[in-house]
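**Q** Below you will find the structure I want to go over with you.
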Amino acid sequence: MSPNVDETSASAPAKTRKTVKECYDFFDCVFPACGLRDLTEGMYHGDPTGSYQQAQRNQVEWLLDQVHCQAGSRILDIGFGYGTLLEAARDRGAHGVGISVSPPQVERGLANGLDVRLLNYRNMGEEWNEQFDAVIANGSAEHFVHPDDIIAGRADQIYRELFRICHRLIDPASPSRRFATTIIHCNDRTPVPTFAELKKSPFAFAWRSPKFHYAMIQQTFGGFYPEPQQLERCAQDYFRLSGEVDGTEDYHLTSEQWFAHVRRQMMSLKNGPRIFGNLVRQFCRRPRHTTLMLICLLVTESWQEQFRGEHPATTLLRQTWDYVPSPVPLSEEIAETKATLLSS
Ligand SMILES: C[S@@+](CC[C@H](N)C(=O)[O-])C[C@H]1O[C@@H](n2cnc3c(N)ncnc32)[C@H](O)[C@@H]1O
């Protein structure tokens, strides 16, 4: 495996968006203190009374099964969070490498004995080529496209680049050669903002209206959800979609459990003072973002709102992608990389 590479060491490094870092700095103040180590949905198999821990375990095991992870497999986890998937891969005798743009996550992962790096996937250089049997992105790709990318019309380029990067990271001789993703998507009920609305404050919209909730999520979490079929279109030449499962209800159950638990922990004598202390420190560093995040999660519940109701405003898709052996010619790849770099 390649040496530890910091995200600043690539020759023309892509910048990580401030909001994404702020989002995970915020969560680091709250989730670990509440005993929560998962930042994506679990899998309840239709049983809303299922336990949170089992649902999370189901999800990582399912993802590892999707990529045929077994003893000796080399797995890349893009956005490893608190490393639960890497630990489950290690339990199978596989070697997992995790990358994340969140410094506190990397610190915790290293302290846990995991092979993790502070690295934006866009900065994975040639030294990583053909190093993995499979790649997993469990809840990270929602952060890859941003409102200014939408305005500049480069969302497709960014997703296409994602698939191209994952393609070159996979060993063409591996028997697995898969990419597994879980990503929240827009659907036909999503209150997608117009270009003019994209950078507006949530408070420019009616309180608790669909557009208010959407703007709130965008400005606290950072990113923009893909449209239906957009990823399939962008994966062409690199990966073929071989499986798709709708996990929206799972994300609904997870989100409700998360924030009911967080509220209880904030009110508890054991953990409350520590969580409030962490939040005060975070507020002093990032007053606007911390305030918005607290409103989003605990007051308006904009995050939870997107998965509520019979017809939720977003759709969570778990997708499994098969490696396509012959990608586009290198000349075309170089031209497209240049175009992406110039436009970002
Ligand atoms: C919603 S969390 C999911 C974490 C973990 N997979 C889990 O299920 O708990 C998203 C993760 O993606 C990471 N991330 C966001 N943008 C990234 C990028 N450009 N490159 C690498 N990781 C990124 C974040 O740091 C975070 O670890």
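Every chain in the structure tokens has a letter given in the order shown (A, B, ...), and although residue numbers restart at 1 in each chain, ligands are simply numbered from 1 in the order shown.
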Could you give me the residues within 6 Å of ligand 1, counting only C-alpha atoms and all ligand atoms, as a count of residues only?

**A** 20

**Q** Residues of region 90-209 of chain A that approach region 307-322 of chain A to 12 Å or less, counting only C-alpha atoms: could you list each one with the shortest pair of atoms and its distance in Å to one decimal, rows by chain and increasing residue number, as JSON lines?

**A**
{"residue": "A:Asp133", "atom": "CA", "partner": "A:Asp322", "partner_atom": "CA", "distance": 11.5}
{"residue": "A:Ala134", "atom": "CA", "partner": "A:Asp322", "partner_atom": "CA", "distance": 9.7}
{"residue": "A:Val135", "atom": "CA", "partner": "A:Trp321", "partner_atom": "CA", "distance": 9.7}
{"residue": "A:Ile136", "atom": "CA", "partner": "A:Thr320", "partner_atom": "CA", "distance": 9.3}
{"residue": "A:Ala137", "atom": "CA", "partner": "A:Arg318", "partner_atom": "CA", "distance": 10.0}
{"residue": "A:Asn138", "atom": "CA", "partner": "A:Arg318", "partner_atom": "CA", "distance": 8.6}
{"residue": "A:Gly139", "atom": "CA", "partner": "A:Leu316", "partner_atom": "CA", "distance": 9.4}
{"residue": "A:Ala141", "atom": "CA", "partner": "A:Leu317", "partner_atom": "CA", "distance": 11.6}
{"residue": "A:Glu142", "atom": "CA", "partner": "A:Leu316", "partner_atom": "CA", "distance": 10.5}
{"residue": "A:Phe163", "atom": "CA", "partner": "A:Trp321", "partner_atom": "CA", "distance": 9.7}
{"residue": "A:Cys166", "atom": "CA", "partner": "A:Trp321", "partner_atom": "CA", "distance": 10.7}
{"residue": "A:His167", "atom": "CA", "partner": "A:Asp322", "partner_atom": "CA", "distance": 9.8}
{"residue": "A:Ile170", "atom": "CA", "partner": "A:Asp322", "partner_atom": "CA", "distance": 11.0}
{"residue": "A:Pro172", "atom": "CA", "partner": "A:Asp322", "partner_atom": "CA", "distance": 11.6}
{"residue": "A:Ser174", "atom": "CA", "partner": "A:Asp322", "partner_atom": "CA", "distance": 11.9}
{"residue": "A:Pro175", "atom": "CA", "partner": "A:Asp322", "partner_atom": "CA", "distance": 11.0}
{"residue": "A:Ser176", "atom": "CA", "partner": "A:Asp322", "partner_atom": "CA", "distance": 8.7}
{"residue": "A:Arg177", "atom": "CA", "partner": "A:Asp322", "partner_atom": "CA", "distance": 6.5}
{"residue": "A:Arg178", "atom": "CA", "partner": "A:Asp322", "partner_atom": "CA", "distance": 5.0}
{"residue": "A:Phe179", "atom": "CA", "partner": "A:Trp321", "partner_atom": "CA", "distance": 5.0}
{"residue": "A:Ala180", "atom": "CA", "partner": "A:Thr320", "partner_atom": "CA", "distance": 4.5}
{"residue": "A:Thr181", "atom": "CA", "partner": "A:Gln319", "partner_atom": "CA", "distance": 5.2}
{"residue": "A:Thr182", "atom": "CA", "partner": "A:Arg318", "partner_atom": "CA", "distance": 4.2}
{"residue": "A:Ile183", "atom": "CA", "partner": "A:Leu317", "partner_atom": "CA", "distance": 5.5}
{"residue": "A:Ile184", "atom": "CA", "partner": "A:Leu316", "partner_atom": "CA", "distance": 4.2}
{"residue": "A:His185", "atom": "CA", "partner": "A:Thr315", "partner_atom": "CA", "distance": 5.1}
{"residue": "A:Cys186", "atom": "CA", "partner": "A:Thr314", "partner_atom": "CA", "distance": 5.1}
{"residue": "A:Asn187", "atom": "CA", "partner": "A:Thr314", "partner_atom": "CA", "distance": 5.6}
{"residue": "A:Asp188", "atom": "CA", "partner": "A:Ala313", "partner_atom": "CA", "distance": 7.9}
{"residue": "A:Arg189", "atom": "CA", "partner": "A:Ala313", "partner_atom": "CA", "distance": 5.1}
{"residue": "A:Thr190", "atom": "CA", "partner": "A:Ala313", "partner_atom": "CA", "distance": 4.7}
{"residue": "A:Pro191", "atom": "CA", "partner": "A:Ala313", "partner_atom": "CA", "distance": 7.5}
{"residue": "A:Val192", "atom": "CA", "partner": "A:Ala313", "partner_atom": "CA", "distance": 9.9}
{"residue": "A:Ser209", "atom": "CA", "partner": "A:Ala313", "partner_atom": "CA", "distance": 11.9}

**Q** Restricted to N, CA and C atoms, what would the selected residues look like written as a short mmCIF file (atom, residue, chain, number, x, y, z; two decimals), in the first residue's frame?

**A**
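Output (again_27.cif):
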data_model
loop_
_atom_site.label_atom_id
_atom_site.label_comp_id
_atom_site.auth_asym_id
_atom_site.auth_seq_id
_atom_site.Cartn_x
_atom_site.Cartn_y
_atom_site.Cartn_z
N ASP A 133 -9.30 -4.11 -4.55
CA ASP A 133 -10.25 -5.02 -5.19
C ASP A 133 -11.60 -4.34 -5.35
N ALA A 134 -11.89 -3.43 -4.42
CA ALA A 134 -13.20 -2.78 -4.46
C ALA A 134 -13.16 -1.47 -3.71
N VAL A 135 -14.13 -0.61 -4.05
CA VAL A 135 -14.25 0.70 -3.41
C VAL A 135 -15.67 0.84 -2.86
N ILE A 136 -15.78 1.47 -1.70
CA ILE A 136 -17.09 1.72 -1.09
C ILE A 136 -17.19 3.21 -0.74
N ALA A 137 -18.33 3.80 -1.04
CA ALA A 137 -18.59 5.19 -0.61
C ALA A 137 -19.96 5.15 0.08
N ASN A 138 -19.93 5.03 1.40
CA ASN A 138 -21.16 4.87 2.18
C ASN A 138 -21.57 6.22 2.75
N GLY A 139 -22.34 6.97 1.97
CA GLY A 139 -22.85 8.25 2.47
C GLY A 139 -21.92 9.43 2.25
N ALA A 141 -20.83 10.61 -1.10
CA ALA A 141 -20.90 11.28 -2.41
C ALA A 141 -21.88 12.45 -2.45
N GLU A 142 -22.73 12.57 -1.42
CA GLU A 142 -23.64 13.72 -1.35
C GLU A 142 -22.85 15.02 -1.20
N PHE A 163 -16.20 8.31 -10.97
CA PHE A 163 -16.18 6.94 -11.48
C PHE A 163 -14.84 6.63 -12.15
N CYS A 166 -12.30 5.95 -9.36
CA CYS A 166 -12.52 4.64 -8.73
C CYS A 166 -12.11 3.52 -9.68
N HIS A 167 -12.36 3.73 -10.96
CA HIS A 167 -12.00 2.71 -11.95
C HIS A 167 -10.49 2.46 -11.95
N ILE A 170 -9.02 0.42 -8.99
CA ILE A 170 -9.33 -1.01 -8.89
C ILE A 170 -8.38 -1.83 -9.76
N PRO A 172 -7.43 -4.41 -12.26
CA PRO A 172 -8.22 -5.07 -13.32
C PRO A 172 -8.17 -6.59 -13.24
N SER A 174 -8.43 -8.24 -10.40
CA SER A 174 -9.13 -8.70 -9.20
C SER A 174 -10.42 -9.43 -9.57
N PRO A 175 -10.77 -10.47 -8.81
CA PRO A 175 -12.05 -11.16 -9.10
C PRO A 175 -13.26 -10.35 -8.63
N SER A 176 -13.07 -9.35 -7.75
CA SER A 176 -14.22 -8.62 -7.21
C SER A 176 -14.60 -7.44 -8.10
N ARG A 177 -13.72 -6.46 -8.20
CA ARG A 177 -13.86 -5.29 -9.08
C ARG A 177 -15.25 -4.65 -8.99
N ARG A 178 -15.57 -4.20 -7.80
CA ARG A 178 -16.88 -3.54 -7.62
C ARG A 178 -16.74 -2.22 -6.88
N PHE A 179 -17.77 -1.40 -7.07
CA PHE A 179 -17.89 -0.12 -6.37
C PHE A 179 -19.28 -0.14 -5.76
N ALA A 180 -19.39 0.11 -4.45
CA ALA A 180 -20.71 0.14 -3.80
C ALA A 180 -20.93 1.51 -3.20
N THR A 181 -22.11 2.07 -3.45
CA THR A 181 -22.40 3.43 -2.96
C THR A 181 -23.75 3.45 -2.24
N THR A 182 -23.86 4.33 -1.25
CA THR A 182 -25.18 4.67 -0.71
C THR A 182 -25.25 6.19 -0.78
N ILE A 183 -26.24 6.70 -1.49
CA ILE A 183 -26.29 8.15 -1.76
C ILE A 183 -27.74 8.64 -1.73
N ILE A 184 -27.97 9.76 -1.04
CA ILE A 184 -29.30 10.38 -1.08
C ILE A 184 -29.45 11.04 -2.45
N HIS A 185 -30.58 10.80 -3.09
CA HIS A 185 -30.86 11.38 -4.42
C HIS A 185 -32.05 12.34 -4.33
N CYS A 186 -32.10 13.28 -5.28
CA CYS A 186 -33.34 14.05 -5.48
C CYS A 186 -34.37 13.11 -6.08
N ASN A 187 -35.64 13.41 -5.87
CA ASN A 187 -36.69 12.70 -6.59
C ASN A 187 -37.69 13.75 -7.11
N ASP A 188 -38.83 13.30 -7.64
CA ASP A 188 -39.71 14.31 -8.25
C ASP A 188 -40.45 15.16 -7.23
N ARG A 189 -40.24 14.90 -5.93
CA ARG A 189 -40.85 15.77 -4.89
C ARG A 189 -39.81 16.70 -4.25
N THR A 190 -38.56 16.54 -4.60
CA THR A 190 -37.51 17.37 -3.97
C THR A 190 -37.68 18.83 -4.38
N PRO A 191 -37.66 19.73 -3.41
CA PRO A 191 -37.82 21.17 -3.74
C PRO A 191 -36.51 21.74 -4.27
N VAL A 192 -36.08 21.27 -5.44
CA VAL A 192 -34.78 21.68 -5.99
C VAL A 192 -34.79 23.18 -6.23
N SER A 209 -40.84 25.73 5.25
CA SER A 209 -41.36 25.32 3.94
C SER A 209 -40.38 24.32 3.34
#

**Q** Using DSSP on the backbone, list every residue of region 68-225 of chain A that comes out as alpha helix (DSSP H), and give them as a PyMOL selection string.

**A** chain A and resi 84-91+103-111+147-151+155-169+210-221

**Q** Can you list, as a compact mmCIF listing (two decimals) with N, CA and C atoms, in the first residue's frame, every residue of region 173-269 of chain A that DSSP puts in strand (DSSP E or B)?

**A**
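And here is the file that came out, selection06.txt:
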# COMPACT_ATOMS: atom_id res chain seq x y z
N ARG A 178 -15.57 -4.20 -7.80
CA ARG A 178 -16.88 -3.54 -7.62
C ARG A 178 -16.74 -2.22 -6.88
N PHE A 179 -17.77 -1.40 -7.07
CA PHE A 179 -17.89 -0.12 -6.37
C PHE A 179 -19.28 -0.14 -5.76
N ALA A 180 -19.39 0.11 -4.45
CA ALA A 180 -20.71 0.14 -3.80
C ALA A 180 -20.93 1.51 -3.20
N THR A 181 -22.11 2.07 -3.45
CA THR A 181 -22.40 3.43 -2.96
C THR A 181 -23.75 3.45 -2.24
N THR A 182 -23.86 4.33 -1.25
CA THR A 182 -25.18 4.67 -0.71
C THR A 182 -25.25 6.19 -0.78
N ILE A 183 -26.24 6.70 -1.49
CA ILE A 183 -26.29 8.15 -1.76
C ILE A 183 -27.74 8.64 -1.73
N ILE A 184 -27.97 9.76 -1.04
CA ILE A 184 -29.30 10.38 -1.08
C ILE A 184 -29.45 11.04 -2.45
N HIS A 185 -30.58 10.80 -3.09
CA HIS A 185 -30.86 11.38 -4.42
C HIS A 185 -32.05 12.34 -4.33
N CYS A 186 -32.10 13.28 -5.28
CA CYS A 186 -33.34 14.05 -5.48
C CYS A 186 -34.37 13.11 -6.08
N PHE A 239 -18.24 1.92 -15.09
CA PHE A 239 -18.97 0.96 -14.26
C PHE A 239 -20.38 0.79 -14.81
N ARG A 240 -20.94 -0.40 -14.59
CA ARG A 240 -22.31 -0.68 -14.99
C ARG A 240 -23.11 -0.95 -13.71
N LEU A 241 -24.28 -0.32 -13.60
CA LEU A 241 -25.10 -0.52 -12.41
C LEU A 241 -25.61 -1.96 -12.39
N SER A 242 -25.28 -2.71 -11.32
CA SER A 242 -25.72 -4.11 -11.30
C SER A 242 -26.73 -4.39 -10.20
N GLY A 243 -26.96 -3.42 -9.32
CA GLY A 243 -27.97 -3.63 -8.28
C GLY A 243 -28.35 -2.31 -7.65
N GLU A 244 -29.64 -2.22 -7.26
CA GLU A 244 -30.10 -0.97 -6.64
C GLU A 244 -31.18 -1.29 -5.61
N VAL A 245 -31.03 -0.72 -4.41
CA VAL A 245 -32.02 -0.94 -3.34
C VAL A 245 -32.41 0.43 -2.80
N ASP A 246 -33.71 0.63 -2.59
CA ASP A 246 -34.19 1.89 -2.00
C ASP A 246 -34.11 1.78 -0.47

**Q** Out of A:Ala88, A:Ile75, A:Gly50, A:Cys29, which residue has the shortest atom-to-atom distance to Phe283 (chain A) when counting only C-alpha atoms?

**A** A:Cys29

**Q** Quick one: everything within 12 Å of Asp91 (chain A), counting only C-alpha atoms, minus sequence neighbours fewer than 6 positions away in the same chain. Send it as a PyMOL selection string.

**A** chain A and resi 60-61+64+69-73+84-85

**Q** Using only C-alpha atoms, can you tell me which of A:Pro228, A:Arg122, A:Cys34, A:Arg117 comes closest to Pro273 (chain A)?

**A**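 The closest residue to Pro273 (chain A) is A:Cys34.
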
**Q** Find the residue from A:Tyr44, A:Tyr323, A:Tyr159, A:Phe221 that sits nearest to Ser302 (chain A); use only C-alpha atoms when measuring.

**A**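 Of A:Tyr44, A:Tyr323, A:Tyr159, A:Phe221, the one nearest Ser302 (chain A), counting only C-alpha atoms, is A:Phe221.
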
**Q** Measuring atom to atom with only C-alpha atoms, identify which of A:Val30, A:Ala55, A:Leu110, A:Val116 is nearest to Asp250 (chain A).

**A** A:Ala55

**Q** Considering only C-alpha atoms, state which residue in the set A:Ser255, A:Gln304, A:Asn129, A:Gln236 is at the smallest distance from His213 (chain A).

**A**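 Of A:Ser255, A:Gln304, A:Asn129, A:Gln236, the one nearest His213 (chain A) is A:Gln304, counting only C-alpha atoms.
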
**Q** Here is a test: counting only C-alpha atoms, which residue of A:Asn123, A:Ser326, A:Thr49, A:Asn58 is nearest to Asp237 (chain A)?

**A** A:Ser326

**Q** Could you tell me how far CA of Arg160 (chain A) sits from CA of Thr194 (chain A), in Å to one decimal place?

**A**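 Separation between CA of Thr194 (chain A) and CA of Arg160 (chain A): 23.2 Å.
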
**Q** Taking 4 positions as the minimum chain separation for residues in the same chain, which residues sit within 12 Å of Tyr52 (chain A) when counting only C-alpha atoms? Answer as a PyMOL selection string.

**A** chain A and resi 35-38+40-45+47-48+56-59+250-251+253-258+260-261

**Q** What's the 10 Å shell around Arg208 (chain A), counting only C-alpha atoms, without same-chain residues fewer than 5 positions away, as a PyMOL selection string?

**A** chain A and resi 202-203+213-214+216+300-302+305

**Q** Kindly save the residues from that selection, with C-alpha atoms included, as a short mmCIF file (atom, residue, chain, number, x, y, z; two decimals), in the first residue's frame.

**A**
data_model
loop_
_atom_site.label_atom_id
_atom_site.label_comp_id
_atom_site.auth_asym_id
_atom_site.auth_seq_id
_atom_site.Cartn_x
_atom_site.Cartn_y
_atom_site.Cartn_z
CA PRO A 202 -32.74 29.33 4.41
CA PHE A 203 -34.41 32.32 6.06
CA HIS A 213 -35.57 22.69 4.75
CA TYR A 214 -33.61 22.03 1.57
CA MET A 216 -30.93 24.45 5.54
CA THR A 300 -36.80 22.72 12.50
CA GLU A 301 -35.60 19.10 12.09
CA SER A 302 -34.90 19.87 8.44
CA GLU A 305 -37.94 16.08 7.48
#

**Q** Find the distance between CA of Phe212 (chain A) and CA of Phe26 (chain A) and write it in Å to one decimal.

**A** 20.8 Å

**Q** List every residue of region 17-122 of chain A that has an atom at most 9 Å from any atom of region 286-293 of chain A, giving for each one its closest atom pair and the distance in Å to one decimal, counting only C-alpha atoms, sorted by chain and then by ascending residue number, as CSV.

**A**
residue,atom,partner,partner_atom,distance
A:Thr19,CA,A:His289,CA,8.1
A:Glu22,CA,A:His289,CA,7.3
A:Cys23,CA,A:Met293,CA,8.0
A:Phe26,CA,A:Thr290,CA,6.9
